[in-house]
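Data from input.txt: compact mmCIF, C-alpha atoms
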# COMPACT_ATOMS: atom_id res chain seq x y z
CA MET A 127 -18.30 -36.82 -4.64
CA ASP A 128 -21.37 -35.32 -6.13
CA GLY A 129 -24.36 -33.77 -4.61
CA THR A 130 -25.70 -30.93 -2.59
CA PHE A 131 -24.50 -30.23 0.90
CA THR A 132 -25.05 -27.68 3.57
CA GLY A 133 -22.14 -25.97 5.18
CA ALA A 134 -20.86 -22.82 6.79
CA VAL A 135 -18.04 -20.32 6.58
CA ASP A 136 -16.04 -21.36 9.63
CA ARG A 137 -13.45 -18.60 9.35
CA VAL A 138 -11.73 -16.12 7.13
CA VAL A 139 -7.96 -16.48 7.46
CA ASP A 140 -5.66 -13.48 7.05
CA ASP A 141 -8.52 -11.49 5.54
CA THR A 142 -8.16 -13.45 2.31
CA THR A 143 -9.14 -17.09 2.57
CA ALA A 144 -12.52 -18.48 3.56
CA VAL A 145 -12.51 -21.89 5.18
CA ILE A 146 -15.85 -23.57 4.50
CA LEU A 147 -16.97 -26.61 6.45
CA VAL A 148 -19.05 -29.08 4.45
CA GLU A 149 -21.59 -30.82 6.64
CA ASP A 150 -23.85 -33.83 6.37
CA GLY A 151 -26.51 -32.74 8.82
CA SER A 152 -24.77 -34.03 11.93
CA GLU A 153 -21.09 -33.23 11.56
CA ALA A 154 -18.46 -31.75 9.29
CA VAL A 155 -17.41 -34.12 6.53
CA GLY A 156 -15.15 -31.95 4.44
CA GLN A 157 -13.45 -28.62 4.14
CA VAL A 158 -13.03 -26.22 1.24
CA THR A 159 -10.83 -23.17 1.13
CA VAL A 160 -11.59 -20.43 -1.34
CA PRO A 161 -10.51 -16.83 -1.77
CA VAL A 162 -13.08 -14.89 0.19
CA SER A 163 -13.43 -12.54 -2.75
CA GLU A 164 -14.94 -15.38 -4.79
CA LEU A 165 -17.84 -15.78 -2.41
CA PRO A 166 -20.96 -13.68 -2.87
CA ALA A 167 -20.61 -10.60 -0.70
CA ALA A 168 -23.54 -11.58 1.46
CA LEU A 169 -21.96 -14.95 2.28
CA ARG A 170 -18.49 -13.84 3.31
CA GLY A 171 -19.21 -13.48 6.99
CA GLU A 172 -18.09 -16.11 9.46
CA GLY A 173 -21.02 -18.33 10.29
CA SER A 174 -22.77 -17.75 6.96
CA ARG A 175 -24.86 -20.81 6.23
CA LEU A 176 -24.40 -22.19 2.73
CA LEU A 177 -25.86 -24.57 0.22
CA LEU A 178 -22.97 -26.13 -1.67
CA ARG A 179 -23.21 -28.00 -4.96
CA VAL A 180 -20.37 -30.38 -5.64
CA SER A 181 -19.46 -32.30 -8.77
CA ASP A 182 -16.47 -34.65 -8.98
CA ASP A 183 -15.12 -33.16 -5.79
CA GLU A 184 -15.28 -29.71 -7.32
CA LEU A 185 -17.29 -26.93 -5.79
CA VAL A 186 -19.54 -25.66 -8.54
CA SER A 187 -21.84 -23.28 -6.71
CA VAL A 188 -22.41 -21.58 -3.39
CA GLU A 189 -25.77 -20.19 -2.36
CA PRO A 190 -27.41 -19.15 0.88
CA GLU A 191 -28.82 -22.10 2.76
CA PRO A 192 -32.61 -21.96 2.52
CA GLU A 193 -34.46 -21.24 5.73
CA PRO A 194 -35.88 -24.39 7.35
CA GLU A 195 -39.48 -24.94 6.32
CA GLN A 196 -40.52 -25.62 9.88
CA ALA A 197 -39.50 -23.49 12.79
CA ASP A 198 -39.74 -26.36 15.25
CA GLU A 199 -36.73 -28.37 14.14
CA GLY A 200 -35.39 -28.41 17.63
CA GLU A 201 -33.25 -26.26 19.78
CA SER A 202 -31.03 -23.91 17.84
CA ILE A 203 -27.33 -23.47 18.53
CA ARG A 204 -28.06 -20.12 20.10
CA GLU A 205 -30.73 -21.63 22.34
CA LYS A 206 -28.37 -24.40 23.46
CA PHE A 207 -25.66 -21.87 24.11
CA ASP A 208 -27.98 -19.70 26.18
CA ARG A 209 -29.24 -22.69 28.17
CA LEU A 210 -25.78 -24.09 28.90
CA SER A 211 -23.79 -20.93 29.49
CA ARG A 212 -23.29 -18.50 32.33
CA ARG A 213 -20.62 -16.05 33.33
CA LEU A 214 -17.76 -17.50 35.38
CA SER A 215 -17.88 -14.34 37.46
CA GLU A 216 -21.43 -15.19 38.50
CA GLU A 217 -20.26 -18.24 40.43
CA MET B 250 14.83 -32.25 3.05
CA ARG B 251 14.81 -30.64 6.40
CA GLY B 252 18.17 -29.37 7.47
CA TRP B 253 18.13 -30.70 10.98
CA VAL B 254 20.50 -28.98 13.29
CA LEU B 255 21.38 -30.45 16.61
CA LEU B 256 20.18 -28.16 19.34
CA ALA B 257 20.60 -28.67 22.99
CA VAL B 258 17.74 -28.12 25.35
CA VAL B 259 17.53 -24.42 25.96
CA VAL B 260 17.47 -23.18 29.48
CA PHE B 261 17.34 -19.63 30.58
CA LEU B 262 17.25 -17.89 33.87
CA VAL B 263 14.90 -15.14 34.81
CA ALA B 264 17.08 -12.39 36.10
CA SER B 265 15.32 -11.57 39.32
CA ALA B 266 12.03 -11.50 41.09
CA GLY B 267 9.77 -8.75 39.85
CA CYS B 268 11.67 -8.47 36.61
CA LEU B 269 9.71 -10.79 34.42
CA GLY B 270 10.87 -11.14 30.90
CA ALA B 271 13.76 -8.83 31.45
CA SER B 272 16.29 -11.57 31.72
CA ASP B 273 19.28 -11.55 29.49
CA GLY B 274 21.42 -14.49 28.87
CA ILE B 275 19.97 -17.60 27.34
CA GLY B 276 22.47 -19.88 28.83
CA ASP B 277 23.45 -23.37 29.62
CA ASP B 278 22.11 -23.53 33.09
CA SER B 279 22.04 -27.01 34.50
CA GLY B 280 18.34 -26.85 35.21
CA SER B 281 18.75 -26.98 38.92
CA ASP B 282 15.80 -26.32 41.15
CA ALA B 283 16.90 -22.89 42.24
CA SER B 284 13.97 -20.86 43.44
CA THR B 285 13.35 -17.30 44.46
CA GLN B 286 10.88 -15.55 46.66
CA THR B 287 7.68 -14.61 44.91
CA ASP B 288 5.96 -11.29 45.42
CA ASN B 289 3.73 -12.74 48.10
CA GLY B 290 6.63 -14.27 49.91
CA ALA B 291 5.78 -17.86 49.09
CA THR B 292 8.45 -20.10 47.68
CA PRO B 293 7.19 -22.00 44.67
CA SER B 294 7.86 -25.67 44.61
CA GLY B 295 7.55 -28.20 41.85
CA LYS B 296 7.34 -27.41 38.17
CA LEU B 297 4.80 -25.96 35.82
CA GLU B 298 4.64 -27.49 32.36
CA VAL B 299 3.17 -26.05 29.18
CA HIS B 300 2.86 -28.58 26.38
CA HIS B 301 2.34 -27.24 22.86
CA ILE B 302 0.92 -30.32 21.25
CA ASP B 303 1.80 -30.66 17.57
CA VAL B 304 -1.65 -30.68 16.01
CA GLY B 305 -0.62 -29.35 12.61
CA GLN B 306 -2.37 -26.21 11.40
CA ALA B 307 -4.25 -25.75 14.65
CA ASP B 308 -3.74 -25.14 18.36
CA SER B 309 -3.78 -27.32 21.45
CA THR B 310 -1.90 -26.36 24.59
CA LEU B 311 -1.80 -28.35 27.81
CA VAL B 312 -0.80 -26.74 31.10
CA VAL B 313 0.07 -28.98 34.04
CA THR B 314 0.57 -27.35 37.42
CA PRO B 315 3.09 -28.58 39.98
CA GLY B 316 0.23 -30.33 41.76
CA GLY B 317 -0.89 -32.14 38.63
CA GLU B 318 -3.92 -29.96 37.88
CA THR B 319 -4.54 -29.77 34.15
CA VAL B 320 -5.69 -26.99 31.84
CA LEU B 321 -6.25 -27.85 28.17
CA VAL B 322 -6.57 -24.86 25.87
CA ASP B 323 -8.02 -25.81 22.48
CA THR B 324 -8.03 -29.28 20.97
CA GLY B 325 -6.83 -29.04 17.40
CA ASP B 326 -8.56 -29.16 14.05
CA TRP B 327 -11.90 -30.87 13.44
CA ARG B 328 -10.35 -33.20 10.87
CA ALA B 329 -8.25 -34.86 13.56
CA ASP B 330 -11.32 -35.20 15.81
CA GLY B 331 -9.18 -34.95 18.92
CA GLU B 332 -7.20 -38.10 18.15
CA ARG B 333 -3.75 -36.52 18.42
CA VAL B 334 -4.68 -34.73 21.64
CA ILE B 335 -6.20 -37.84 23.21
CA ARG B 336 -3.14 -39.87 22.28
CA TYR B 337 -0.88 -37.23 23.77
CA LEU B 338 -2.86 -37.22 27.01
CA GLU B 339 -2.69 -40.99 27.18
CA GLU B 340 1.05 -40.99 26.52
CA HIS B 341 1.47 -38.65 29.45
CA GLY B 342 -0.82 -40.52 31.78
CA ILE B 343 -3.39 -37.73 31.95
CA GLU B 344 -6.87 -39.06 32.57
CA ARG B 345 -8.61 -35.88 33.57
CA ILE B 346 -8.71 -32.29 32.32
CA ASP B 347 -9.65 -30.03 35.19
CA HIS B 348 -10.13 -26.95 33.04
CA LEU B 349 -10.99 -27.15 29.34
CA VAL B 350 -10.75 -23.84 27.48
CA ALA B 351 -11.93 -22.87 24.00
CA THR B 352 -10.13 -19.69 22.96
CA HIS B 353 -12.72 -19.13 20.23
CA PRO B 354 -15.16 -21.22 18.22
CA HIS B 355 -13.24 -21.85 14.99
CA ALA B 356 -12.89 -25.47 13.96
CA ASP B 357 -9.09 -25.45 14.14
CA HIS B 358 -9.37 -24.70 17.86
CA ILE B 359 -12.46 -26.54 19.10
CA GLY B 360 -12.25 -29.34 16.55
CA GLY B 361 -11.45 -31.99 19.13
CA HIS B 362 -13.52 -30.70 22.03
CA ALA B 363 -16.44 -33.07 21.64
CA ALA B 364 -14.18 -36.10 21.22
CA VAL B 365 -11.89 -35.14 24.11
CA ILE B 366 -14.86 -34.55 26.42
CA GLU B 367 -16.44 -37.85 25.45
CA HIS B 368 -13.18 -39.77 25.76
CA LEU B 369 -12.32 -38.44 29.19
CA GLU B 370 -15.85 -38.79 30.50
CA GLU B 371 -16.23 -42.34 29.22
CA GLU B 372 -12.74 -43.73 29.68
CA GLY B 373 -10.96 -41.36 32.02
CA ASP B 374 -11.72 -39.25 35.03
CA GLY B 375 -13.71 -36.67 33.13
CA ILE B 376 -13.65 -32.92 32.70
CA GLY B 377 -13.76 -30.46 35.58
CA ALA B 378 -15.08 -27.31 33.93
CA VAL B 379 -15.41 -25.84 30.46
CA TYR B 380 -14.59 -22.22 29.63
CA ASP B 381 -15.52 -20.32 26.50
CA SER B 382 -15.13 -16.88 24.94
CA GLY B 383 -18.90 -16.57 24.78
CA GLN B 384 -19.46 -16.44 21.06
CA PRO B 385 -21.60 -19.21 19.63
CA HIS B 386 -20.78 -20.21 16.06
CA ASP B 387 -23.22 -21.52 13.50
CA THR B 388 -21.33 -24.70 12.58
CA GLN B 389 -22.03 -28.30 13.40
CA THR B 390 -18.56 -28.60 14.90
CA TYR B 391 -19.57 -25.97 17.45
CA GLU B 392 -22.96 -27.55 18.01
CA ASN B 393 -21.34 -30.94 18.64
CA TYR B 394 -19.13 -29.28 21.24
CA LEU B 395 -22.23 -27.89 22.96
CA ASP B 396 -23.91 -31.28 22.74
CA ALA B 397 -20.95 -32.96 24.44
CA ILE B 398 -21.05 -30.40 27.24
CA ASP B 399 -24.77 -30.99 27.61
CA ALA B 400 -24.49 -34.77 27.49
CA TYR B 401 -22.13 -34.89 30.45
CA GLY B 402 -23.88 -32.30 32.54
CA HIS B 403 -21.39 -29.47 32.23
CA GLU B 404 -21.95 -25.77 31.99
CA LEU B 405 -20.26 -23.41 29.57
CA LEU B 406 -18.48 -20.90 31.75
CA LEU B 407 -18.00 -17.63 29.89
CA VAL B 408 -14.83 -15.76 30.75
CA GLU B 409 -13.81 -12.17 30.22
CA GLU B 410 -11.03 -9.82 31.14
CA GLY B 411 -10.08 -9.92 34.78
CA ASP B 412 -11.38 -13.41 35.50
CA GLN B 413 -9.11 -15.97 37.10
CA LEU B 414 -9.47 -19.60 36.19
CA PRO B 415 -10.33 -21.16 39.57
CA LEU B 416 -7.22 -23.31 39.93
CA ASP B 417 -6.77 -25.34 43.08
CA SER B 418 -3.10 -24.55 42.95
CA GLU B 419 -2.36 -21.45 44.96
CA ALA B 420 1.07 -21.13 43.39
CA VAL B 421 -0.23 -20.80 39.84
CA GLU B 422 -2.45 -18.04 38.54
CA ALA B 423 -4.26 -18.11 35.20
CA LEU B 424 -5.53 -14.60 34.54
CA VAL B 425 -7.92 -13.96 31.67
CA LEU B 426 -6.87 -10.84 29.74
CA ASN B 427 -9.33 -11.11 26.86
CA PRO B 428 -12.11 -10.90 25.66
CA PRO B 429 -13.04 -7.44 26.89
CA THR B 430 -16.06 -7.12 29.12
CA ASP B 431 -17.81 -4.96 26.56
CA SER B 432 -17.03 -7.13 23.53
CA ASN B 433 -20.70 -7.93 22.86
CA GLY B 434 -19.84 -10.63 20.40
CA GLY B 435 -18.50 -9.80 17.01
CA GLU B 436 -15.14 -10.77 15.64
CA PHE B 437 -14.13 -14.24 16.78
CA HIS B 438 -10.37 -13.81 16.54
CA ASP B 439 -10.18 -10.58 18.46
CA ASN B 440 -12.41 -11.96 21.18
CA SER B 441 -10.20 -14.98 21.73
CA VAL B 442 -9.56 -15.97 25.29
CA ALA B 443 -6.11 -14.72 26.24
CA LEU B 444 -4.44 -16.18 29.31
CA ALA B 445 -1.48 -15.09 31.38
CA VAL B 446 -0.28 -18.05 33.40
CA GLU B 447 2.06 -17.14 36.20
CA PHE B 448 4.17 -19.34 38.43
CA GLY B 449 6.79 -17.81 40.65
CA ASP B 450 8.62 -15.23 38.60
CA VAL B 451 7.72 -16.74 35.26
CA ARG B 452 4.82 -15.69 33.11
CA TYR B 453 3.48 -17.46 30.03
CA LEU B 454 1.17 -15.62 27.61
CA LEU B 455 -1.29 -17.17 25.20
CA THR B 456 -3.61 -15.05 23.01
CA GLY B 457 -5.42 -17.56 20.81
CA ASP B 458 -6.01 -16.00 17.40
CA ALA B 459 -6.15 -12.41 18.65
CA GLU B 460 -5.12 -10.05 15.90
CA ARG B 461 -3.64 -6.57 15.82
CA GLU B 462 -6.68 -4.73 17.16
CA ALA B 463 -6.95 -7.01 20.15
CA GLU B 464 -3.21 -6.81 20.68
CA SER B 465 -3.44 -3.03 20.70
CA TRP B 466 -6.27 -3.21 23.21
CA LEU B 467 -4.32 -5.66 25.38
CA SER B 468 -1.28 -3.40 25.29
CA GLY B 469 -3.34 -0.53 26.62
CA GLU B 470 -5.48 -2.39 29.10
CA TRP B 471 -2.99 -4.87 30.50
CA SER B 472 0.33 -3.12 30.13
CA ASP B 473 1.41 -4.38 33.55
CA GLN B 474 0.47 -7.98 32.83
CA LEU B 475 1.82 -8.55 29.33
CA ASP B 476 5.51 -8.80 30.09
CA ALA B 477 6.01 -12.52 29.60
CA ASP B 478 8.92 -14.90 29.43
CA VAL B 479 7.23 -17.25 27.00
CA TYR B 480 4.69 -16.24 24.35
CA GLN B 481 2.59 -18.48 22.17
CA ALA B 482 2.48 -16.61 18.91
CA GLY B 483 -1.00 -15.36 18.14
CA HIS B 484 -2.94 -16.82 15.22
CA HIS B 485 -0.40 -19.50 14.35
CA GLY B 486 2.30 -16.94 13.58
CA SER B 487 0.20 -14.98 11.10
CA SER B 488 1.17 -11.42 10.28
CA THR B 489 -2.30 -10.42 11.50
CA SER B 490 -0.79 -10.84 14.95
CA SER B 491 2.46 -10.46 16.89
CA THR B 492 2.83 -6.85 15.81
CA GLY B 493 6.06 -5.11 16.64
CA SER B 494 4.47 -2.92 19.28
CA PHE B 495 2.82 -5.91 20.91
CA LEU B 496 6.09 -7.82 21.01
CA ASP B 497 7.73 -4.78 22.55
CA ALA B 498 5.07 -4.88 25.28
CA VAL B 499 5.41 -8.62 25.87
CA GLU B 500 9.19 -8.83 25.52
CA PRO B 501 9.24 -12.61 25.36
CA ARG B 502 12.46 -14.56 25.58
CA VAL B 503 10.84 -17.53 23.89
CA ALA B 504 8.05 -17.75 21.33
CA VAL B 505 6.22 -20.88 20.26
CA VAL B 506 4.36 -21.04 16.97
CA SER B 507 1.69 -23.70 16.49
CA SER B 508 1.13 -24.32 12.80
CA GLY B 509 1.67 -27.03 10.23
CA TYR B 510 4.94 -27.44 8.35
CA ASP B 511 3.07 -27.10 5.10
CA SER B 512 0.56 -24.51 6.27
CA GLN B 513 -1.58 -23.56 3.33
CA PHE B 514 -1.76 -20.08 4.79
CA GLY B 515 2.00 -19.76 4.91
CA HIS B 516 2.11 -19.64 8.69
CA PRO B 517 4.27 -18.57 10.35
CA HIS B 518 4.55 -15.53 8.15
CA ASP B 519 7.94 -14.16 7.23
CA GLU B 520 7.20 -10.78 8.82
CA VAL B 521 6.55 -12.38 12.18
CA LEU B 522 9.72 -14.46 12.09
CA GLU B 523 11.64 -11.34 11.11
CA ARG B 524 10.14 -9.46 14.07
CA PHE B 525 11.18 -12.31 16.35
CA ALA B 526 14.66 -12.25 14.87
CA GLU B 527 15.01 -8.50 15.34
CA ARG B 528 14.26 -8.99 19.01
CA GLY B 529 16.44 -12.04 19.53
CA ILE B 530 13.51 -14.25 20.48
CA GLU B 531 14.20 -17.97 20.68
CA THR B 532 11.53 -19.41 18.44
CA TYR B 533 9.99 -22.83 18.33
CA TRP B 534 7.62 -23.97 15.60
CA THR B 535 5.60 -27.14 15.99
CA GLY B 536 5.92 -27.56 12.23
CA VAL B 537 9.58 -28.48 12.65
CA HIS B 538 10.06 -28.94 16.39
CA GLY B 539 7.00 -31.13 16.89
CA ASP B 540 5.59 -31.08 20.41
CA VAL B 541 7.22 -28.29 22.38
CA VAL B 542 7.23 -28.56 26.16
CA VAL B 543 8.06 -25.56 28.31
CA THR B 544 8.92 -26.31 31.92
CA THR B 545 9.57 -23.88 34.72
CA ASP B 546 10.26 -24.08 38.41
CA GLY B 547 9.14 -20.50 38.80
CA THR B 548 12.58 -19.13 38.10
CA GLU B 549 14.15 -20.99 35.24
CA VAL B 550 12.54 -21.92 31.98
CA THR B 551 13.48 -25.01 30.01
CA VAL B 552 12.21 -25.78 26.54
CA ASN B 553 12.16 -29.32 25.24
CA PRO B 554 11.19 -29.75 21.59
CA ALA B 555 10.45 -33.24 20.32
CA GLU B 556 12.67 -32.61 17.32
CA SER B 557 15.99 -30.81 17.30
CA PHE B 558 16.21 -27.81 15.03
CA SER B 559 17.56 -24.30 15.16
CA THR B 560 15.55 -21.80 17.20
CA ASP B 561 16.84 -18.88 15.16
CA PRO B 562 13.73 -17.37 13.55
CA MET B 563 15.65 -16.75 10.34
CA ASP B 564 16.56 -20.42 10.11
CA LEU B 565 12.89 -21.25 10.51
CA LEU B 566 12.05 -18.77 7.79
CA ALA B 567 14.57 -20.43 5.49
CA GLU B 568 13.07 -23.81 6.32
CA LYS B 569 9.51 -22.86 5.41
CA PRO B 570 8.16 -24.52 2.28
CA THR B 571 7.72 -22.06 -0.54
CA ASN B 572 4.29 -23.27 -1.54
CA GLY B 573 2.49 -22.00 1.52
CA GLY B 574 -0.44 -19.73 0.95
CA VAL B 575 -1.59 -21.13 -2.36
CA GLN B 576 -5.23 -20.17 -2.59
CA GLN B 577 -7.63 -21.10 -5.28
CA ILE B 578 -10.98 -22.75 -5.69
CA ALA B 579 -10.62 -26.40 -4.84
CA PRO B 580 -6.85 -26.47 -4.30
CA ALA B 581 -5.39 -29.93 -4.63
CA GLY B 582 -5.70 -31.92 -1.48
CA GLU B 583 -7.95 -29.45 0.21
CA HIS B 584 -11.20 -29.50 -1.67
CA THR B 585 -12.64 -32.84 -0.81
CA PRO B 586 -16.19 -32.34 0.30
CA ALA B 587 -16.70 -36.07 0.07
CA GLY B 588 -14.96 -36.44 3.38
CA GLY B 589 -11.56 -37.35 2.11
CA VAL B 590 -9.94 -34.61 4.09
CA GLY B 591 -8.48 -36.50 6.97
Show how you would write the structure in this file as structure tokens.
Amino acid sequence: MDGTFTGAVDRVVDDTTAVILVEDGSEAVGQVTVPVSELPAALRGEGSRLLLRVSDDELVSVEPEPEPEQADEGESIREKFDRLSRRLSEE
Amino acid sequence: MRGWVLLAVVVFLVASAGCLGASDGIGDDSGSDASTQTDNGATPSGKLEVHHIDVGQADSTLVVTPGGETVLVDTGDWRADGERVIRYLEEHGIERIDHLVATHPHADHIGGHAAVIEHLEEEGDGIGAVYDSGQPHDTQTYENYLDAIDAYGHELLLVEEGDQLPLDSEAVEALVLNPPTDSNGGEFHDNSVALAVEFGDVRYLLTGDAEREAESWLSGEWSDQLDADVYQAGHHGSSTSSTGSFLDAVEPRVAVVSSGYDSQFGHPHDEVLERFAERGIETYWTGVHGDVVVTTDGTEVTVNPAESFSTDPMDLLAEKPTNGGVQQIAPAGEHTPAGGVG
């Protein structure tokens, strides 16, 4: 597989291994695990959004995902979460 | 080759009411329906089941109350898209999940949520309520979970320490021990939903991927509620969790580890199995035992693994593949952004 994908650091396991989800714009389509130390320091946090370049199924570069050009791309995850959630204790 | 060892179903007897986890004597009880008075004087009837579904390097735990009420905690890894969990539910005739819990938003815990919700809503009797640790994650797996909740008109009920899952069953309590009220987001693992499920004199403890800091907090905050007969090992048996001091607080007779046989992270870690061994804890690992079903009548606990194997933690340690934990850029079989990861 070749191309450029977006993705995110889903988790950092045992303080050493970053599990990166590769996404196609609607769902995860692949997973990459890399030593967290090999990621740029600014991208090591869980939830970091990434731009991934892949060649022959090899990850060749990781960069920050560019900010969307338009701010009106729809409801963000945080907005959905806020709209759908409430405390159980508030029942 | 796996060195299978024939192992009979393990049954043990809780010593007495009010003495949870203090039983001695893993024995050969016949599994009779002996019952004891609970603290509130009620006599429990029926059986509580906890099914640790073998979902590989992930978690999915199904609780079925004596009255048939269902609690599903986590749904496996995103790559399975809920298929294993859905098949398991179908095999057991379960068409509705009354309480669906996400311990935390990582894709090896909520990976099947969207598919399970859709399946049960479209082909079964639906979902009753959805509970969450309250930490949104910036992945499409998490967003798809939210979208499924939205599509079927559910709310995301955020739980915190001290909450009780509103079970219909009066005989079963599911107390939320974690996340702390003042967590304010932050670390996903340590804010995992932790549940203490109690039926009669038996308590079952599940901590998601809570690590040592959360375990330390739990030990201080919930010292009276941690003593459990059965413990699902935190974070798939990683050494980040199941610290010695935490195990001394929980004092489990039985531990269940949910992780893949060939876990790339080397789960369960040797240190954890050694801690279990030092404490004489009967240990089950989905990687070799497959699905592990714990059943209790409120007094006795029976464990039925799908596959027979020793429950000696040191035998499990010896059985672990030696290639676990290999970590490199694009390790073979893992780095397949093209979607080949199944």
field: Which residue of B:Glu462, B:Glu422, B:Asp374, B:Glu410 approaches chain A most closely, using all atoms listed in the file
entry: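 For chain A, the nearest of the given residues is B:Glu410.
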Nearest residue to chain A from the set B:Asp308, B:Glu409, B:Asp303, B:Glu298 (distances using all atoms listed in the file):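 For chain A, the nearest of the given residues is B:Glu409.
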- request: Enter the distance from atom CA of Ser432 of chain B to atom CA of Asp417 of chain B, in Å, rounded to one decimal.
  value: 28.6 Å
- prompt: Can you find the residues with an atom no farther than 12 Å from (-21.2, -12.3, 6.0), counting only C-alpha atoms, and report them as a PyMOL selection string?
  reply: (chain A and resi 134-138+144+162-163+165-176+190) or (chain B and resi 435-436)
Saved selection, atoms kept: C-alpha atoms, as an mmCIF file, in the frame of the given file:
data_model
loop_
_atom_site.group_PDB
_atom_site.id
_atom_site.type_symbol
_atom_site.label_atom_id
_atom_site.label_comp_id
_atom_site.auth_asym_id
_atom_site.auth_seq_id
_atom_site.Cartn_x
_atom_site.Cartn_y
_atom_site.Cartn_z
ATOM 1 C CA ALA A 134 -20.860 -22.820 6.790
ATOM 2 C CA VAL A 135 -18.040 -20.320 6.580
ATOM 3 C CA ASP A 136 -16.040 -21.360 9.630
ATOM 4 C CA ARG A 137 -13.450 -18.600 9.350
ATOM 5 C CA VAL A 138 -11.730 -16.120 7.130
ATOM 6 C CA ALA A 144 -12.520 -18.480 3.560
ATOM 7 C CA VAL A 162 -13.080 -14.890 0.190
ATOM 8 C CA SER A 163 -13.430 -12.540 -2.750
ATOM 9 C CA LEU A 165 -17.840 -15.780 -2.410
ATOM 10 C CA PRO A 166 -20.960 -13.680 -2.870
ATOM 11 C CA ALA A 167 -20.610 -10.600 -0.700
ATOM 12 C CA ALA A 168 -23.540 -11.580 1.460
ATOM 13 C CA LEU A 169 -21.960 -14.950 2.280
ATOM 14 C CA ARG A 170 -18.490 -13.840 3.310
ATOM 15 C CA GLY A 171 -19.210 -13.480 6.990
ATOM 16 C CA GLU A 172 -18.090 -16.110 9.460
ATOM 17 C CA GLY A 173 -21.020 -18.330 10.290
ATOM 18 C CA SER A 174 -22.770 -17.750 6.960
ATOM 19 C CA ARG A 175 -24.860 -20.810 6.230
ATOM 20 C CA LEU A 176 -24.400 -22.190 2.730
ATOM 21 C CA PRO A 190 -27.410 -19.150 0.880
ATOM 22 C CA GLY B 435 -18.500 -9.800 17.010
ATOM 23 C CA GLU B 436 -15.140 -10.770 15.640
#
query: If we count only C-alpha atoms, what is near segment 207-213 of chain A at a cut-off of 9 Å, once residues fewer than 4 positions away on the same chain are taken out, given as a VMD selection string?
result: (chain A and resid 202 to 203 217) or (chain B and resid 381 383 to 385 392 395 398 to 399 403 to 409)
- prompt: In terms of the shortest atom-to-atom distance over all atoms listed in the file, which of A:Glu189, A:Pro161, A:Thr130, A:Val145 is closest to chain B?
  reply: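 Using all atoms listed in the file, the shortest distance to chain B belongs to A:Pro161.
Taking only C-alpha atoms into account, chain A lies nearest to B:Pro415 out of the set B:Pro501, B:Pro562, B:Gly316, B:Pro415.
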message: Residues within 6 Å of segment 178-185 of chain A, please, as number ranges by chain. Count all atoms listed in the file; anything in the same chain fewer than 3 positions from it doesn't count.
response: A: 127-132, 188; B: 585
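Shortest separation to chain B among A:Ala154, A:Glu193, A:Gly200, A:Val186 occurs at residue A:Ala154, atoms counted being all atoms listed in the file.
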task: Do a neighbour search on segment 344-356 of chain B at 6 Å with all atoms listed in the file, toss out local chain neighbours closer than 2 positions, and write the hits as a list in words.
output: Thr319, Val320, Leu321, Val322, Asp323, Asp326, Trp327, His358, Ile359, Gly360, Gly373, Asp374, Gly375, Ile376, Gly377, Ala378, Val379, Tyr380, Asp381, Ser382, Ser441, Val442 and Gly457 of chain B
field: Spatial neighbours of Gln413 of chain B, 7 Å, all atoms listed in the file, chain gap at least 2 places, as an MDAnalysis selection string
entry: chainID B and resid 411 415 423:425
Interatomic distance, atom CA of Ser491 of chain B to atom CA of Asp141 of chain A (Å, one decimal):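 About the pair atom CA of Ser491 of chain B and atom CA of Asp141 of chain A: they are 15.8 Å apart.
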Have segment 173-181 of chain A completed to N, CA and C atoms, please, and pass it along as a CSV table (one decimal), keeping the file's coordinate frame.
chain,number,residue,atom,x,y,z
A,173,GLY,N,-19.7,-17.8,9.9
A,173,GLY,CA,-21.0,-18.3,10.3
A,173,GLY,C,-22.1,-18.3,9.2
A,174,SER,N,-21.8,-17.7,8.1
A,174,SER,CA,-22.8,-17.8,7.0
A,174,SER,C,-23.1,-19.2,6.6
A,175,ARG,N,-24.4,-19.5,6.6
A,175,ARG,CA,-24.9,-20.8,6.2
A,175,ARG,C,-25.0,-20.9,4.7
A,176,LEU,N,-24.5,-22.0,4.2
A,176,LEU,CA,-24.4,-22.2,2.7
A,176,LEU,C,-25.1,-23.5,2.2
A,177,LEU,N,-25.5,-23.4,1.0
A,177,LEU,CA,-25.9,-24.6,0.2
A,177,LEU,C,-24.8,-24.7,-0.9
A,178,LEU,N,-24.1,-25.9,-0.8
A,178,LEU,CA,-23.0,-26.1,-1.7
A,178,LEU,C,-23.3,-27.2,-2.7
A,179,ARG,N,-23.0,-27.0,-3.9
A,179,ARG,CA,-23.2,-28.0,-5.0
A,179,ARG,C,-21.8,-28.5,-5.4
A,180,VAL,N,-21.7,-29.8,-5.4
A,180,VAL,CA,-20.4,-30.4,-5.6
A,180,VAL,C,-20.5,-31.4,-6.8
A,181,SER,N,-19.5,-31.3,-7.7
A,181,SER,CA,-19.5,-32.3,-8.8
A,181,SER,C,-18.0,-32.8,-8.9
